[in-house]
$ cat run.cif   # mmCIF, C-alpha atoms
data_input
loop_
_atom_site.group_PDB
_atom_site.id
_atom_site.type_symbol
_atom_site.label_atom_id
_atom_site.label_comp_id
_atom_site.auth_asym_id
_atom_site.auth_seq_id
_atom_site.Cartn_x
_atom_site.Cartn_y
_atom_site.Cartn_z
ATOM 1 C CA MET R 38 -51.430 107.181 -28.163
ATOM 2 C CA GLU R 39 -50.246 103.869 -26.694
ATOM 3 C CA LEU R 40 -53.844 102.914 -25.988
ATOM 4 C CA LEU R 41 -54.824 103.740 -29.584
ATOM 5 C CA LEU R 42 -51.964 101.609 -30.929
ATOM 6 C CA GLN R 43 -53.057 98.725 -28.703
ATOM 7 C CA TYR R 44 -56.651 98.986 -29.926
ATOM 8 C CA MET R 45 -55.504 99.108 -33.540
ATOM 9 C CA ALA R 46 -53.240 96.093 -33.073
ATOM 10 C CA ASN R 47 -56.099 94.146 -31.492
ATOM 11 C CA GLY R 48 -58.349 95.179 -34.364
ATOM 12 C CA LEU R 49 -55.873 94.058 -37.020
ATOM 13 C CA VAL R 50 -55.455 90.688 -35.315
ATOM 14 C CA THR R 51 -59.215 90.180 -35.086
ATOM 15 C CA GLY R 52 -59.621 91.468 -38.634
ATOM 16 C CA SER R 53 -57.192 88.871 -39.953
ATOM 17 C CA PHE R 54 -59.367 86.195 -38.344
ATOM 18 C CA TYR R 55 -62.460 87.722 -39.965
ATOM 19 C CA ALA R 56 -60.736 87.827 -43.352
ATOM 20 C CA LEU R 57 -59.727 84.165 -43.240
ATOM 21 C CA SER R 58 -63.184 83.130 -42.035
ATOM 22 C CA ALA R 59 -64.769 85.005 -44.943
ATOM 23 C CA LEU R 60 -62.446 83.721 -47.688
ATOM 24 C CA GLY R 61 -64.331 80.457 -48.091
ATOM 25 C CA LEU R 62 -67.634 82.317 -48.345
ATOM 26 C CA THR R 63 -66.090 84.756 -50.832
ATOM 27 C CA LEU R 64 -65.010 81.858 -53.016
ATOM 28 C CA ILE R 65 -68.378 80.087 -52.969
ATOM 29 C CA LEU R 66 -70.586 83.184 -53.142
ATOM 30 C CA GLY R 67 -68.477 85.280 -55.475
ATOM 31 C CA LEU R 68 -67.504 82.573 -57.953
ATOM 32 C CA MET R 69 -70.225 79.908 -57.694
ATOM 33 C CA ARG R 70 -73.055 82.361 -56.918
ATOM 34 C CA VAL R 71 -74.250 80.071 -54.113
ATOM 35 C CA VAL R 72 -75.469 81.917 -51.020
ATOM 36 C CA ASN R 73 -74.022 79.501 -48.474
ATOM 37 C CA PHE R 74 -75.856 79.921 -45.179
ATOM 38 C CA ALA R 75 -74.099 76.788 -43.890
ATOM 39 C CA HIS R 76 -70.719 78.552 -43.945
ATOM 40 C CA GLY R 77 -70.699 79.099 -40.181
ATOM 41 C CA GLU R 78 -71.486 75.441 -39.536
ATOM 42 C CA LEU R 79 -68.583 74.368 -41.777
ATOM 43 C CA TYR R 80 -66.355 76.632 -39.669
ATOM 44 C CA MET R 81 -67.821 75.082 -36.524
ATOM 45 C CA LEU R 82 -67.170 71.542 -37.782
ATOM 46 C CA GLY R 83 -63.516 72.425 -38.341
ATOM 47 C CA GLY R 84 -63.192 73.498 -34.723
ATOM 48 C CA VAL R 85 -65.016 70.441 -33.370
ATOM 49 C CA MET R 86 -62.988 68.056 -35.540
ATOM 50 C CA GLY R 87 -59.790 69.857 -34.524
ATOM 51 C CA TRP R 88 -60.670 69.316 -30.859
ATOM 52 C CA TRP R 89 -61.404 65.653 -31.527
ATOM 53 C CA ALA R 90 -58.145 65.164 -33.463
ATOM 54 C CA THR R 91 -55.891 66.862 -30.897
ATOM 55 C CA THR R 92 -57.509 65.638 -27.665
ATOM 56 C CA ARG R 93 -59.116 62.308 -28.504
ATOM 57 C CA LEU R 94 -56.719 61.046 -31.192
ATOM 58 C CA GLY R 95 -53.695 62.680 -29.591
ATOM 59 C CA LEU R 96 -52.417 64.283 -32.793
ATOM 60 C CA ASP R 97 -50.302 67.400 -32.756
ATOM 61 C CA PHE R 98 -51.849 70.615 -34.052
ATOM 62 C CA PHE R 99 -50.439 70.469 -37.582
ATOM 63 C CA SER R 100 -51.294 66.793 -38.101
ATOM 64 C CA GLY R 101 -54.794 67.515 -36.839
ATOM 65 C CA LEU R 102 -55.068 70.505 -39.167
ATOM 66 C CA LEU R 103 -54.100 68.313 -42.126
ATOM 67 C CA LEU R 104 -56.642 65.675 -41.103
ATOM 68 C CA VAL R 105 -59.382 68.297 -40.770
ATOM 69 C CA ALA R 106 -58.531 69.791 -44.168
ATOM 70 C CA LEU R 107 -58.656 66.394 -45.905
ATOM 71 C CA ALA R 108 -61.865 65.270 -44.203
ATOM 72 C CA MET R 109 -63.694 68.552 -44.767
ATOM 73 C CA GLY R 110 -62.466 68.751 -48.365
ATOM 74 C CA VAL R 111 -64.038 65.362 -49.075
ATOM 75 C CA PHE R 112 -67.185 66.457 -47.246
ATOM 76 C CA GLY R 113 -67.446 69.671 -49.281
ATOM 77 C CA TRP R 114 -66.940 67.730 -52.521
ATOM 78 C CA LEU R 115 -69.758 65.320 -51.601
ATOM 79 C CA VAL R 116 -72.094 68.150 -50.585
ATOM 80 C CA ASP R 117 -71.696 69.779 -53.978
ATOM 81 C CA ARG R 118 -71.976 66.592 -56.026
ATOM 82 C CA PHE R 119 -74.991 65.150 -54.204
ATOM 83 C CA LEU R 120 -76.867 68.267 -53.042
ATOM 84 C CA ILE R 121 -75.893 71.531 -54.733
ATOM 85 C CA GLU R 122 -75.500 69.912 -58.158
ATOM 86 C CA ARG R 123 -79.213 69.058 -58.124
ATOM 87 C CA ILE R 124 -80.328 72.677 -57.744
ATOM 88 C CA ARG R 125 -77.534 74.447 -59.614
ATOM 89 C CA ASP R 126 -79.717 75.882 -62.388
ATOM 90 C CA GLN R 127 -82.807 76.541 -60.269
ATOM 91 C CA GLY R 128 -81.959 80.052 -59.062
ATOM 92 C CA GLU R 129 -80.419 81.453 -55.903
ATOM 93 C CA GLU R 130 -83.567 80.832 -53.830
ATOM 94 C CA ALA R 131 -83.122 77.071 -54.076
ATOM 95 C CA GLY R 132 -79.510 77.377 -52.942
ATOM 96 C CA ILE R 133 -80.524 79.548 -49.992
ATOM 97 C CA LEU R 134 -83.123 77.040 -48.809
ATOM 98 C CA LEU R 135 -80.751 74.126 -49.305
ATOM 99 C CA THR R 136 -77.894 75.669 -47.329
ATOM 100 C CA ILE R 137 -80.228 76.807 -44.540
ATOM 101 C CA GLY R 138 -81.443 73.220 -44.224
ATOM 102 C CA LEU R 139 -77.851 71.976 -44.293
ATOM 103 C CA SER R 140 -76.840 74.417 -41.558
ATOM 104 C CA ILE R 141 -79.688 73.241 -39.309
ATOM 105 C CA PHE R 142 -78.776 69.602 -39.932
ATOM 106 C CA LEU R 143 -75.071 70.116 -39.216
ATOM 107 C CA ALA R 144 -75.661 72.217 -36.096
ATOM 108 C CA ASN R 145 -78.074 69.734 -34.551
ATOM 109 C CA THR R 146 -75.946 66.726 -35.472
ATOM 110 C CA ALA R 147 -72.917 68.331 -33.805
ATOM 111 C CA LEU R 148 -75.081 69.221 -30.800
ATOM 112 C CA LEU R 149 -76.094 65.584 -30.356
ATOM 113 C CA ALA R 150 -72.497 64.429 -30.830
ATOM 114 C CA VAL R 151 -70.550 66.759 -28.514
ATOM 115 C CA GLY R 152 -73.100 68.837 -26.606
ATOM 116 C CA THR R 153 -73.002 72.552 -25.853
ATOM 117 C CA ALA R 154 -69.815 72.790 -23.777
ATOM 118 C CA PRO R 155 -66.892 74.815 -25.196
ATOM 119 C CA LEU R 156 -64.205 72.575 -26.707
ATOM 120 C CA LYS R 157 -60.568 73.660 -26.561
ATOM 121 C CA VAL R 158 -58.279 72.735 -29.440
ATOM 122 C CA GLU R 159 -54.744 71.968 -28.299
ATOM 123 C CA ALA R 160 -52.617 74.981 -29.240
ATOM 124 C CA PRO R 161 -49.331 74.500 -31.124
ATOM 125 C CA ILE R 162 -47.433 77.038 -28.976
ATOM 126 C CA SER R 163 -47.806 78.693 -25.592
ATOM 127 C CA ALA R 164 -50.032 81.703 -25.119
ATOM 128 C CA GLY R 165 -47.354 83.785 -23.396
ATOM 129 C CA PRO R 166 -47.102 87.542 -23.949
ATOM 130 C CA ALA R 167 -45.279 89.077 -26.891
ATOM 131 C CA PHE R 168 -44.127 92.701 -26.638
ATOM 132 C CA LEU R 169 -43.941 94.834 -29.782
ATOM 133 C CA GLY R 170 -42.852 98.161 -28.359
ATOM 134 C CA PRO R 171 -45.829 99.554 -26.442
ATOM 135 C CA ILE R 172 -48.133 96.887 -27.898
ATOM 136 C CA VAL R 173 -48.799 93.661 -26.002
ATOM 137 C CA LEU R 174 -50.185 90.609 -27.795
ATOM 138 C CA THR R 175 -49.832 86.875 -27.248
ATOM 139 C CA LYS R 176 -47.512 84.528 -29.093
ATOM 140 C CA LEU R 177 -50.485 82.339 -29.986
ATOM 141 C CA ARG R 178 -52.326 85.205 -31.639
ATOM 142 C CA LEU R 179 -49.257 86.226 -33.605
ATOM 143 C CA PHE R 180 -48.909 82.615 -34.739
ATOM 144 C CA ALA R 181 -52.572 82.608 -35.785
ATOM 145 C CA VAL R 182 -52.101 85.813 -37.783
ATOM 146 C CA GLY R 183 -49.136 84.234 -39.560
ATOM 147 C CA MET R 184 -51.231 81.161 -40.371
ATOM 148 C CA CYS R 185 -54.024 83.389 -41.694
ATOM 149 C CA VAL R 186 -51.565 85.117 -44.026
ATOM 150 C CA LEU R 187 -50.105 81.777 -45.165
ATOM 151 C CA LEU R 188 -53.505 80.231 -45.897
ATOM 152 C CA THR R 189 -54.680 83.352 -47.709
ATOM 153 C CA VAL R 190 -51.605 83.391 -49.944
ATOM 154 C CA ALA R 191 -51.999 79.658 -50.627
ATOM 155 C CA ALA R 192 -55.636 80.164 -51.665
ATOM 156 C CA TRP R 193 -54.719 83.078 -53.941
ATOM 157 C CA LEU R 194 -51.938 81.102 -55.611
ATOM 158 C CA THR R 195 -54.305 78.181 -56.150
ATOM 159 C CA ILE R 196 -56.857 80.410 -57.876
ATOM 160 C CA HIS R 197 -54.421 82.390 -60.027
ATOM 161 C CA LYS R 198 -51.403 80.172 -60.644
ATOM 162 C CA THR R 199 -52.631 76.578 -61.012
ATOM 163 C CA ARG R 200 -54.433 74.628 -63.703
ATOM 164 C CA LEU R 201 -57.359 74.070 -61.359
ATOM 165 C CA GLY R 202 -57.574 77.804 -60.707
ATOM 166 C CA ARG R 203 -57.628 78.576 -64.430
ATOM 167 C CA SER R 204 -60.388 76.003 -64.888
ATOM 168 C CA MET R 205 -62.343 77.625 -62.056
ATOM 169 C CA ARG R 206 -62.085 81.096 -63.547
ATOM 170 C CA ALA R 207 -62.966 79.850 -67.025
ATOM 171 C CA THR R 208 -65.992 77.936 -65.747
ATOM 172 C CA PHE R 209 -67.377 80.857 -63.810
ATOM 173 C CA GLN R 210 -66.843 83.284 -66.688
ATOM 174 C CA ASP R 211 -68.566 81.083 -69.287
ATOM 175 C CA PRO R 212 -69.614 77.525 -68.328
ATOM 176 C CA LEU R 213 -70.646 76.577 -71.865
ATOM 177 C CA ALA R 214 -67.362 77.685 -73.399
ATOM 178 C CA ALA R 215 -65.485 75.855 -70.648
ATOM 179 C CA ARG R 216 -67.318 72.629 -71.445
ATOM 180 C CA LEU R 217 -66.635 73.054 -75.151
ATOM 181 C CA VAL R 218 -62.866 73.155 -74.551
ATOM 182 C CA GLY R 219 -62.985 70.006 -72.429
ATOM 183 C CA ILE R 220 -63.232 71.319 -68.865
ATOM 184 C CA ARG R 221 -65.304 69.084 -66.621
ATOM 185 C CA THR R 222 -67.361 71.817 -65.041
ATOM 186 C CA ALA R 223 -69.081 69.523 -62.550
ATOM 187 C CA ASN R 224 -65.688 68.655 -61.051
ATOM 188 C CA VAL R 225 -64.705 72.317 -61.051
ATOM 189 C CA TYR R 226 -67.828 73.303 -59.098
ATOM 190 C CA ALA R 227 -67.246 70.489 -56.615
ATOM 191 C CA SER R 228 -63.572 71.439 -56.218
ATOM 192 C CA THR R 229 -64.512 75.066 -55.589
ATOM 193 C CA PHE R 230 -67.020 74.183 -52.888
ATOM 194 C CA ALA R 231 -64.512 71.769 -51.354
ATOM 195 C CA MET R 232 -61.869 74.501 -51.307
ATOM 196 C CA GLY R 233 -64.234 76.954 -49.615
ATOM 197 C CA THR R 234 -65.139 74.260 -47.070
ATOM 198 C CA VAL R 235 -61.476 73.542 -46.331
ATOM 199 C CA ILE R 236 -60.694 77.230 -45.743
ATOM 200 C CA ALA R 237 -63.682 77.634 -43.404
ATOM 201 C CA SER R 238 -62.845 74.484 -41.423
ATOM 202 C CA MET R 239 -59.153 75.370 -41.065
ATOM 203 C CA ALA R 240 -60.148 78.814 -39.789
ATOM 204 C CA GLY R 241 -62.451 77.110 -37.287
ATOM 205 C CA MET R 242 -59.694 74.886 -35.947
ATOM 206 C CA LEU R 243 -57.170 77.730 -35.857
ATOM 207 C CA LEU R 244 -59.444 80.009 -33.866
ATOM 208 C CA GLY R 245 -60.566 77.080 -31.728
ATOM 209 C CA SER R 246 -56.992 76.923 -30.413
ATOM 210 C CA ILE R 247 -57.219 80.582 -29.335
ATOM 211 C CA TYR R 248 -60.772 80.787 -28.058
ATOM 212 C CA SER R 249 -62.841 77.611 -28.126
ATOM 213 C CA ALA R 250 -64.908 75.540 -30.539
ATOM 214 C CA GLN R 251 -68.643 75.695 -29.843
ATOM 215 C CA VAL R 252 -71.597 74.206 -31.672
ATOM 216 C CA SER R 253 -73.542 77.456 -31.322
ATOM 217 C CA VAL R 254 -70.905 79.643 -33.013
ATOM 218 C CA GLY R 255 -72.088 79.033 -36.600
ATOM 219 C CA GLY R 256 -74.664 81.813 -36.739
ATOM 220 C CA LEU R 257 -72.243 84.482 -35.485
ATOM 221 C CA VAL R 258 -69.501 83.362 -37.885
ATOM 222 C CA SER R 259 -71.888 83.437 -40.849
ATOM 223 C CA MET R 260 -73.035 86.939 -39.896
ATOM 224 C CA LYS R 261 -69.466 88.262 -39.659
ATOM 225 C CA ALA R 262 -68.483 86.544 -42.924
ATOM 226 C CA PHE R 263 -71.410 88.043 -44.837
ATOM 227 C CA VAL R 264 -70.560 91.487 -43.439
ATOM 228 C CA VAL R 265 -66.965 91.127 -44.665
ATOM 229 C CA VAL R 266 -68.040 89.888 -48.107
ATOM 230 C CA ILE R 267 -70.504 92.754 -48.544
ATOM 231 C CA LEU R 268 -67.900 95.298 -47.449
ATOM 232 C CA GLY R 269 -65.171 93.955 -49.714
ATOM 233 C CA GLY R 270 -67.218 92.957 -52.743
ATOM 234 C CA MET R 271 -68.263 89.494 -53.832
ATOM 235 C CA GLY R 272 -65.576 87.322 -55.352
ATOM 236 C CA SER R 273 -62.708 89.644 -54.426
ATOM 237 C CA PHE R 274 -59.915 88.099 -52.366
ATOM 238 C CA ALA R 275 -58.365 91.505 -51.787
ATOM 239 C CA GLY R 276 -61.780 92.838 -50.830
ATOM 240 C CA ALA R 277 -62.290 90.028 -48.295
ATOM 241 C CA ILE R 278 -58.946 90.801 -46.666
ATOM 242 C CA ALA R 279 -59.546 94.552 -46.614
ATOM 243 C CA GLY R 280 -63.132 94.115 -45.431
ATOM 244 C CA GLY R 281 -62.053 91.817 -42.599
ATOM 245 C CA LEU R 282 -59.352 94.221 -41.429
ATOM 246 C CA LEU R 283 -61.753 97.168 -41.651
ATOM 247 C CA LEU R 284 -64.387 95.364 -39.587
ATOM 248 C CA GLY R 285 -61.812 94.301 -36.991
ATOM 249 C CA LEU R 286 -60.452 97.840 -36.635
ATOM 250 C CA ALA R 287 -63.935 99.361 -36.415
ATOM 251 C CA GLU R 288 -65.018 96.916 -33.709
ATOM 252 C CA ALA R 289 -61.815 97.377 -31.690
ATOM 253 C CA LEU R 290 -62.009 101.171 -31.726
ATOM 254 C CA TRP R 291 -65.732 101.204 -30.999
ATOM 255 C CA GLY R 292 -65.325 98.714 -28.158
ATOM 256 C CA GLY R 293 -62.373 100.610 -26.720
ATOM 257 C CA TYR R 294 -63.784 104.133 -26.849
ATOM 258 C CA VAL R 295 -67.572 103.701 -26.820
ATOM 259 C CA ALA R 296 -69.038 100.439 -25.502
ATOM 260 C CA THR R 297 -67.962 96.813 -25.734
ATOM 261 C CA GLY R 298 -71.538 95.607 -25.440
ATOM 262 C CA TRP R 299 -72.518 97.325 -28.689
ATOM 263 C CA VAL R 300 -69.658 96.070 -30.862
ATOM 264 C CA ASP R 301 -71.807 94.051 -33.271
ATOM 265 C CA ILE R 302 -73.786 97.145 -34.248
ATOM 266 C CA ILE R 303 -70.729 98.464 -36.105
ATOM 267 C CA GLY R 304 -70.827 95.637 -38.640
ATOM 268 C CA PHE R 305 -74.473 96.241 -39.443
ATOM 269 C CA ALA R 306 -73.924 100.002 -39.694
ATOM 270 C CA LEU R 307 -71.048 99.485 -42.149
ATOM 271 C CA VAL R 308 -73.149 97.100 -44.230
ATOM 272 C CA ILE R 309 -76.043 99.575 -44.430
ATOM 273 C CA LEU R 310 -73.746 102.418 -45.469
ATOM 274 C CA THR R 311 -72.011 100.195 -48.026
ATOM 275 C CA LEU R 312 -75.288 99.038 -49.562
ATOM 276 C CA VAL R 313 -76.520 102.626 -49.816
ATOM 277 C CA PHE R 314 -73.411 104.277 -51.232
ATOM 278 C CA ARG R 315 -71.361 101.408 -52.679
ATOM 279 C CA PRO R 316 -73.677 98.401 -53.257
ATOM 280 C CA TYR R 317 -71.018 96.329 -55.059
ATOM 281 C CA GLY R 318 -68.508 96.618 -52.201
ATOM 282 C CA LEU R 319 -65.969 99.159 -51.072
ATOM 283 C CA PHE R 320 -63.119 97.509 -52.943
ATOM 284 C CA SER R 321 -64.788 96.230 -56.109
ATOM 285 C CA LYS R 322 -63.356 97.336 -59.432
ATOM 286 C CA ARG R 323 -65.319 98.845 -62.301
ATOM 287 C CA THR R 324 -64.956 95.655 -64.363
ATOM 288 C CA GLU R 325 -66.195 93.515 -61.456
ATOM 289 C CA ARG R 326 -69.240 95.737 -61.040
ATOM 290 C CA ALA R 327 -69.948 95.481 -64.765
#
$ encode --input "run.cif" --output "structure tokens"
Amino acid sequence: MELLLQYMANGLVTGSFYALSALGLTLILGLMRVVNFAHGELYMLGGVMGWWATTRLGLDFFSGLLLVALAMGVFGWLVDRFLIERIRDQGEEAGILLTIGLSIFLANTALLAVGTAPLKVEAPISAGPAFLGPIVLTKLRLFAVGMCVLLTVAAWLTIHKTRLGRSMRATFQDPLAARLVGIRTANVYASTFAMGTVIASMAGMLLGSIYSAQVSVGGLVSMKAFVVVILGGMGSFAGAIAGGLLLGLAEALWGGYVATGWVDIIGFALVILTLVFRPYGLFSKRTERA
């Protein structure tokens, strides 16, 4: 029983990381209907910039996190205004090709800039053990889980409780009606992409303090994020959180009781089953499916 509790705790911690990593993709894919294959590279840039801010500039973790958020927010805004805006009404295929090209460009640019070596972001606290009854975790991972919860709540409040969030929801429900009532939809689209970029980059820096930031991590992050979005349902914040936790638990239990080398197969198996029996996501509502 103690071993099961430990596996479940590890899975919930990993699942919270998956959920935060997928929130930015959920926002862009579910609301903007842009299939962002550069999502993993935006995550990777957050980790690389976090390493640069904390080791080369000498900033503390939270100052570096703020710098990364501001820089990547501006970058996401510019990407939407100068790239995505040009192909917005040309179908999803154009967006797919554009973001694939962007991911290749970002990955190779980062490779030339910092190389292939793992980069360690300076952690805000020590990685000493934390005992929760029979469960053993690290203080750094508990801190990261708390940050994931905080960032998730902040994103939800922005979408549902602010003027910008109301403009976002109005634009994505009916762009023409939004323009008729004075909403600048171009700015709303750019703000949405910037917000998704900020969430992805902050997740990259946060996890870079636990593991490491690597240029090659983008493809794996994108794969996990798409799995979570498909499981939870596009555009659903609650679905992204539940999907991330479900994937983390499934991988932890499979790795603990079956084989650690075959962990990634669980995500693909869950996606196949979801697409067959629940193609709009496990946690989508009837109105969302309609």
$ axis_aligned_box --input "run.cif" --around "region 40-45 of chain R" --padding-each-side "4 Å" --output "AutoDock Vina command-line options"
--center_x -54.3 --center_y 101.2 --center_z -29.8 --size_x 12.7 --size_y 13.0 --size_z 15.6
$ residues_near_point --input "run.cif" --point "(-69.8, 95.1, -37.0)" --cutoff "12 Å" --atoms "all atoms listed in the file" --output "PyMOL selection string"
chain R and resi 48+51-52+55+257-258+260-265+267-268+280-292+297-310
$ closest_atom_pairs --input "run.cif" --of "region 63-181 of chain R" --to "region 199-220 of chain R" --cutoff "12 Å" --atoms "all atoms listed in the file" --output "tab-separated table"
residue	atom	partner	partner_atom	distance
R:Leu64	CA	R:Met205	CA	10.3
R:Ile65	CA	R:Phe209	CA	10.9
R:Leu66	CA	R:Phe209	CA	11.4
R:Gly67	CA	R:Phe209	CA	9.5
R:Leu68	CA	R:Phe209	CA	6.1
R:Met69	CA	R:Phe209	CA	6.8
R:Arg70	CA	R:Phe209	CA	9.1
R:Val71	CA	R:Phe209	CA	11.9
R:Asp126	CA	R:Pro212	CA	11.8
$ write_last_selection --input "run.cif" --atoms "C-alpha atoms" --output "PDB file, keeping the file's coordinate frame"
ATOM      1  CA  LEU R  64     -65.010  81.858 -53.016  1.00  0.00           C
ATOM      2  CA  ILE R  65     -68.378  80.087 -52.969  1.00  0.00           C
ATOM      3  CA  LEU R  66     -70.586  83.184 -53.142  1.00  0.00           C
ATOM      4  CA  GLY R  67     -68.477  85.280 -55.475  1.00  0.00           C
ATOM      5  CA  LEU R  68     -67.504  82.573 -57.953  1.00  0.00           C
ATOM      6  CA  MET R  69     -70.225  79.908 -57.694  1.00  0.00           C
ATOM      7  CA  ARG R  70     -73.055  82.361 -56.918  1.00  0.00           C
ATOM      8  CA  VAL R  71     -74.250  80.071 -54.113  1.00  0.00           C
ATOM      9  CA  ASP R 126     -79.717  75.882 -62.388  1.00  0.00           C
TER      10      ASP R 126
END
$ atom_distance --input "run.cif" --atom1 "CA of Leu177 (chain R)" --atom2 "CA of Met239 (chain R)"
15.7 Å
$ closest_residue --input "run.cif" --among "R:Val266, R:Phe274, R:Leu139, R:Val158" --to "Ile196 (chain R)" --atoms "all atoms listed in the file"
R:Phe274
$ atom_distance --input "run.cif" --atom1 "CA of Thr146 (chain R)" --atom2 "CA of Phe112 (chain R)"
14.7 Å
$ closest_residue --input "run.cif" --among "R:Val254, R:Ala227, R:Ile124, R:Ala150" --to "Ala75 (chain R)" --atoms "only C-alpha atoms"
R:Val254
$ build_atoms --input "run.cif" --residues "region 210-222 of chain R" --atoms "N, CA and C atoms" --output "PDB file, in the frame of the given file"
ATOM      1  N   GLN R 210     -66.651  82.234 -65.690  1.00  0.00           N
ATOM      2  CA  GLN R 210     -66.843  83.284 -66.688  1.00  0.00           C
ATOM      3  C   GLN R 210     -67.816  82.838 -67.767  1.00  0.00           C
ATOM      4  N   ASP R 211     -67.693  81.589 -68.238  1.00  0.00           N
ATOM      5  CA  ASP R 211     -68.566  81.083 -69.287  1.00  0.00           C
ATOM      6  C   ASP R 211     -68.599  79.559 -69.218  1.00  0.00           C
ATOM      7  N   PRO R 212     -69.569  78.980 -68.503  1.00  0.00           N
ATOM      8  CA  PRO R 212     -69.614  77.525 -68.328  1.00  0.00           C
ATOM      9  C   PRO R 212     -69.714  76.755 -69.646  1.00  0.00           C
ATOM     10  N   LEU R 213     -70.485  77.278 -70.597  1.00  0.00           N
ATOM     11  CA  LEU R 213     -70.646  76.577 -71.865  1.00  0.00           C
ATOM     12  C   LEU R 213     -69.331  76.528 -72.638  1.00  0.00           C
ATOM     13  N   ALA R 214     -68.641  77.661 -72.709  1.00  0.00           N
ATOM     14  CA  ALA R 214     -67.362  77.685 -73.399  1.00  0.00           C
ATOM     15  C   ALA R 214     -66.348  76.781 -72.702  1.00  0.00           C
ATOM     16  N   ALA R 215     -66.397  76.730 -71.378  1.00  0.00           N
ATOM     17  CA  ALA R 215     -65.485  75.855 -70.648  1.00  0.00           C
ATOM     18  C   ALA R 215     -65.740  74.393 -70.987  1.00  0.00           C
ATOM     19  N   ARG R 216     -67.006  74.015 -71.082  1.00  0.00           N
ATOM     20  CA  ARG R 216     -67.318  72.629 -71.445  1.00  0.00           C
ATOM     21  C   ARG R 216     -66.887  72.316 -72.864  1.00  0.00           C
ATOM     22  N   LEU R 217     -66.999  73.279 -73.751  1.00  0.00           N
ATOM     23  CA  LEU R 217     -66.635  73.054 -75.151  1.00  0.00           C
ATOM     24  C   LEU R 217     -65.137  72.803 -75.324  1.00  0.00           C
ATOM     25  N   VAL R 218     -64.317  73.364 -74.435  1.00  0.00           N
ATOM     26  CA  VAL R 218     -62.866  73.155 -74.551  1.00  0.00           C
ATOM     27  C   VAL R 218     -62.397  71.992 -73.679  1.00  0.00           C
ATOM     28  N   GLY R 219     -63.342  71.237 -73.124  1.00  0.00           N
ATOM     29  CA  GLY R 219     -62.985  70.006 -72.429  1.00  0.00           C
ATOM     30  C   GLY R 219     -62.893  70.086 -70.924  1.00  0.00           C
ATOM     31  N   ILE R 220     -63.273  71.206 -70.326  1.00  0.00           N
ATOM     32  CA  ILE R 220     -63.232  71.319 -68.865  1.00  0.00           C
ATOM     33  C   ILE R 220     -64.442  70.623 -68.264  1.00  0.00           C
ATOM     34  N   ARG R 221     -64.214  69.769 -67.314  1.00  0.00           N
ATOM     35  CA  ARG R 221     -65.304  69.084 -66.621  1.00  0.00           C
ATOM     36  C   ARG R 221     -65.861  70.019 -65.545  1.00  0.00           C
ATOM     37  N   THR R 222     -66.863  70.753 -65.916  1.00  0.00           N
ATOM     38  CA  THR R 222     -67.361  71.817 -65.041  1.00  0.00           C
ATOM     39  C   THR R 222     -67.948  71.275 -63.742  1.00  0.00           C
TER      40      THR R 222
END
